[in-house]
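Asks: Have a look at this one.
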Amino acid sequence: MSKIQHLLDRYKRLILPFLLSCVLSLSVYDIYRSDIPTFVWLIPIAALNIGLFAFCGFVKKHNFIGGALMGVVILAAMKIFFDLISGGDYGLTFQRWLLTGSEKVSTRAEYLVALMISFVPFFSVVVYYFTDVLYRMMFLTLLSIVPCALYVKVLSEIDTIYLSLIALLNVAIFLAYSRGRREEKTINSGRQASILSAAMFIFVLLVVSSAIPKEEEARYYDRFEALFMDNAVDEQLNGEYSNFTEMSGNADRYRDFKERRLYTVEIPYAPYFKRQCFDFYDFSIDRWNNQGSDYSDITYTTEEWSDLYSDLSLTELRRALIRTNELSEGFAEKYNQRRFMEFTGLTDDTINCVVSSESFPAMYFLSPARIIDVHPYGNRQIDEYGVTKNGVFRFRTTTHPYNFTYAVQCRDEVFPRSYWFSLRAGDIDLDTSLTMLREMDEILTDAGEDALAERVESHIAVTEDALEYKAMTEANTALISDDIRELAEQITQGYTYDWEKANALATYFLTNGYTYDLQYISADTTPEHFLFTSKRGSCSDYASAYVLMARAVGIPARYCEGYMADPSSTDNIWLVKDSGSHAYPEVFLYGLGWTVFEPTVPGDYNDMQRPTGGLLSNLTFDTDLMMTMFIISGIILAIVIIGVALIPVIAESRFLSRLERCTPDESAIVAYDRIRSKSGRLVKNAPSLTAYELSSKIDKKAGTSFTPAAFILERVLYGGGHADASDKKSVIDMYISTRDGIKKYLRDLRRSERRKYR
């Protein structure tokens, strides 16, 4: 029983801080509600708090070693925290989870662990320090606001139980510590320590605020537009972005726009969305147009397009190839398709997305390259819209309403493409692929495999169409300059197949010093100037040069203008803005059909991957704020260090100079006043004591004698006498020795008090 009582007496002052730290941690976990009840987290939170409180006690007892260990632990915790939330496939989603209170992103174990090693140690260490080491109620109050701030951030309602417990524990700690500290006569750190603590706390808050992930999109922006913009849309935006244009150039105009949102798209990943394609390059004005082409006219009904392109699945093509090879042994080997046929991991998924226009009308639907179908919501007549040969779903005569929602069905453009290239299934030229497909169709039809034959016939139809398109553009291709043609041949030298050449052309722009510059406007707009002289331009310059070079080496390619989507703060929600306008090429490849290749920026549509960048790419840091804080903090720290070191020395030097200038009579009075002010912590009620009483108490505690100076003071003030030069020298010497004795006594007192509470 005595041991238990001893432990209770020893640690009773930590019980309330421990409970406050646990409640603060639980309140944060309550924000990110998961399938696991919040109270279940009490066990690991309590265990971690016990360990951290014990560790803080060790740090308090062993200043140097403990401080070093504390630094190591903090750095280790930060590294683990950043490793958990950055990289992989969930770095960005963690930020969205943190910002939305798990409402938009499902909770993962990694996220909860990240909270455990970040918020719990933060609460524990701060609560321990500002109670047991240096009681400061205002910092505990600020700390208690942190969960409330998080609740506000994620637009959630804090449980009144946590609010009540946090408030009651703060009051209880205040009552216990203010009374206990008075009774125990513990350390009073004074004004300097308070200022330093406040500065450190504010600094940490600023660092955290600058590093915390920020939403790139203002939440409820669409509601703001509806309330305050009255559905108004810029006339220039309507005219140039709602309708089709005769010539290319829309993608270059977005440098003048201001992040106006056009669409919100719900889709797992964001492909490039097409709005218009151009077939012929006008070398006299360096622009693309469709004069003499019917590829921008509505050619298919939506049912015809869907029937044709729903069959363009690589998995279905593989099934047809397997069956053909069974019926005609050696068929796959003959056309270099064995690796593709034998590979079982290939998937070619259908993706569904929902598109909502944001007070923006348009004649077209957002159309990925591998689009299958479009389903407008509401009472829309199916004959109001159709599909062009270039794969653009569009209204026939008018624009859709300002606020309009429709579903788009398409095929994945990323993973099948990677598999297709790695399997080298495209190691076949376009004419030979058409021969192979026709032979497959004949074999399957003769064997009664009509369903598989229909799949193959769809591939035949789109391949024939691509060859017709290539033939249609041959006259325009003949106008390409020799310089461009020679460069294209040089880049693709050593490559045999279209997909290899298409990759090589895209990689060339990304690895040969070309600069993507939206503000650059050249006096010479020719593709030759861009390719050989400036090497600087917009996406239109890149896409135009790419298509011309691709056509120069025999690849069917077309110039497209559309949009790149930006991620929002919510998983699977993407934003299409006027500033996301983009020009890019599409290349026809056997099996894949029309495929996007990206020469402008690294990404999924070329062999160059976006730089991951680790933590810094996944977390949003306000670097300007952090740099400013570090500079200002460095200046303040330097001033404080200089001030702490020099100000007392300067003040004391000035006082001694003043003492030297005093008359002998004045020196005794001035020295006594100085000693009395310095002995405030040494002697109680020093101002009410006589000179003899004060000097005797100082002599007793500090072990230094000021009594002779007191006699001199008494003689000058009350005895009617005067001090001479020797008395002045004695007073100065006694002042210096007494000052040093008081300083030593107070230093030893602080050390003993620290040892007492370890």
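Going through the structure tokens in order, the chains are called A, B, and so on, while each chain numbers its residues from 1 and the ligands are numbered from 1 in the order shown.
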Output as an MDAnalysis selection string all residues of region 458-617 of chain A that backbone DSSP marks as helix (DSSP H, G or I).
Replies: chainID A and resid 458:472 474:477 482:491 498:511 527:534 539:552 578:580 615:617
Asks: Give me, as a VMD selection string, all polymer residues having an atom no more than 8 Å from Tyr385 (chain A), counting only C-alpha atoms and skipping those fewer than 3 positions away in the same chain.
Replies: chain A and resid 301 to 302 382 393 to 396
Asks: Just the selected residues (C-alpha atoms), exported as a PDB file, in the first residue's frame, please.
Replies:
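Below is the file selection01.pdb, written as the result:
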ATOM      1  CA  THR A 301     -25.984   8.218 -84.922  1.00  0.00           C
ATOM      2  CA  THR A 302     -25.075   7.531 -81.310  1.00  0.00           C
ATOM      3  CA  ILE A 382     -31.654  11.204 -79.235  1.00  0.00           C
ATOM      4  CA  PHE A 393     -20.306  13.757 -79.838  1.00  0.00           C
ATOM      5  CA  ARG A 394     -22.152  16.989 -80.655  1.00  0.00           C
ATOM      6  CA  PHE A 395     -25.546  18.619 -80.973  1.00  0.00           C
ATOM      7  CA  ARG A 396     -26.704  19.078 -84.540  1.00  0.00           C
TER       8      ARG A 396
END
Asks: With a distance cut-off of 10 Å and only C-alpha atoms, select the neighbouring residues of Glu439 (chain A), excluding the residue or stretch itself and same-chain residues fewer than 5 positions from it, and output the selection as a PDB file with C-alpha atoms, in the first residue's frame.
Replies:
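Output file part16.pdb is given in full below:
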ATOM      1  CA  THR A 324      -8.440 -18.030 -84.744  1.00  0.00           C
ATOM      2  CA  PHE A 331      -1.784 -17.794 -87.101  1.00  0.00           C
ATOM      3  CA  SER A 433      -2.843  -5.447 -89.596  1.00  0.00           C
ATOM      4  CA  LEU A 434      -5.797  -4.910 -91.931  1.00  0.00           C
ATOM      5  CA  LEU A 444     -14.085 -17.113 -87.673  1.00  0.00           C
ATOM      6  CA  THR A 445     -17.053 -16.665 -90.017  1.00  0.00           C
ATOM      7  CA  VAL A 456     -13.050  -8.323 -85.555  1.00  0.00           C
TER       8      VAL A 456
END
Asks: With only C-alpha atoms as the atoms that count, which of A:Tyr718, A:Trp97, A:Phe597, A:Phe706 lies nearest to Asp733 (chain A)?
Replies: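 Counting only C-alpha atoms, the residue closest to Asp733 (chain A) is A:Phe706.
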Asks: Residues near Leu423 (chain A), anyone? I mean within 9 Å using only C-alpha atoms, not counting same-chain ones fewer than 4 positions away, as a compact mmCIF listing (two decimals) with N, CA and C atoms, in the first residue's frame.
Replies:
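Output saved as around.txt:
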# COMPACT_ATOMS: atom_id res chain seq x y z
N GLN A 337 1.81 -12.02 -83.07
CA GLN A 337 0.82 -11.73 -82.03
C GLN A 337 0.82 -12.77 -80.91
N ARG A 339 2.78 -13.17 -78.15
CA ARG A 339 2.90 -12.65 -76.78
C ARG A 339 1.58 -12.04 -76.33
N PHE A 340 0.94 -11.32 -77.22
CA PHE A 340 -0.35 -10.73 -76.90
C PHE A 340 -1.38 -11.82 -76.63
N PHE A 343 -0.75 -13.62 -73.16
CA PHE A 343 -0.77 -12.81 -71.94
C PHE A 343 -2.18 -12.80 -71.34
N SER A 418 -0.21 0.74 -71.92
CA SER A 418 1.08 0.28 -71.39
C SER A 418 1.30 -1.20 -71.67
N TYR A 419 0.25 -2.01 -71.44
CA TYR A 419 0.36 -3.44 -71.73
C TYR A 419 0.60 -3.67 -73.22
Asks: For Thr492 (chain A), please output as a compact mmCIF listing (two decimals) with N, CA and C atoms, in the first residue's frame all residues within 9 Å (counting only C-alpha atoms; exclusion window: fewer than 2 positions along the same chain).
Replies:
# COMPACT_ATOMS: atom_id res chain seq x y z
N LEU A 487 13.98 15.96 -90.10
CA LEU A 487 14.06 15.84 -88.64
C LEU A 487 13.22 14.65 -88.16
N ALA A 488 12.02 14.49 -88.70
CA ALA A 488 11.16 13.37 -88.31
C ALA A 488 11.81 12.04 -88.64
N GLU A 489 12.41 11.95 -89.81
CA GLU A 489 13.08 10.70 -90.19
C GLU A 489 14.29 10.44 -89.31
N GLN A 490 14.99 11.49 -88.92
CA GLN A 490 16.15 11.33 -88.05
C GLN A 490 15.72 10.82 -86.67
N GLY A 494 15.72 3.87 -87.07
CA GLY A 494 15.95 2.68 -86.25
C GLY A 494 14.68 2.07 -85.71
N TYR A 495 13.54 2.75 -85.85
CA TYR A 495 12.26 2.22 -85.41
C TYR A 495 11.46 1.75 -86.63
N THR A 496 10.72 0.66 -86.45
CA THR A 496 10.00 0.05 -87.56
C THR A 496 8.51 0.33 -87.51
N GLU A 500 6.26 2.74 -82.04
CA GLU A 500 7.62 3.11 -81.66
C GLU A 500 7.96 4.51 -82.15
N LYS A 501 7.59 4.78 -83.39
CA LYS A 501 7.87 6.10 -83.96
C LYS A 501 7.08 7.19 -83.22
N ALA A 502 5.83 6.90 -82.90
CA ALA A 502 5.00 7.88 -82.19
C ALA A 502 5.59 8.19 -80.82
N ALA A 504 8.78 7.87 -79.98
CA ALA A 504 10.05 8.56 -80.19
C ALA A 504 9.83 10.04 -80.47
N LEU A 505 8.81 10.37 -81.25
CA LEU A 505 8.52 11.77 -81.55
C LEU A 505 8.09 12.53 -80.29
N VAL A 553 6.39 10.79 -91.64
CA VAL A 553 6.97 9.44 -91.62
C VAL A 553 5.89 8.38 -91.77
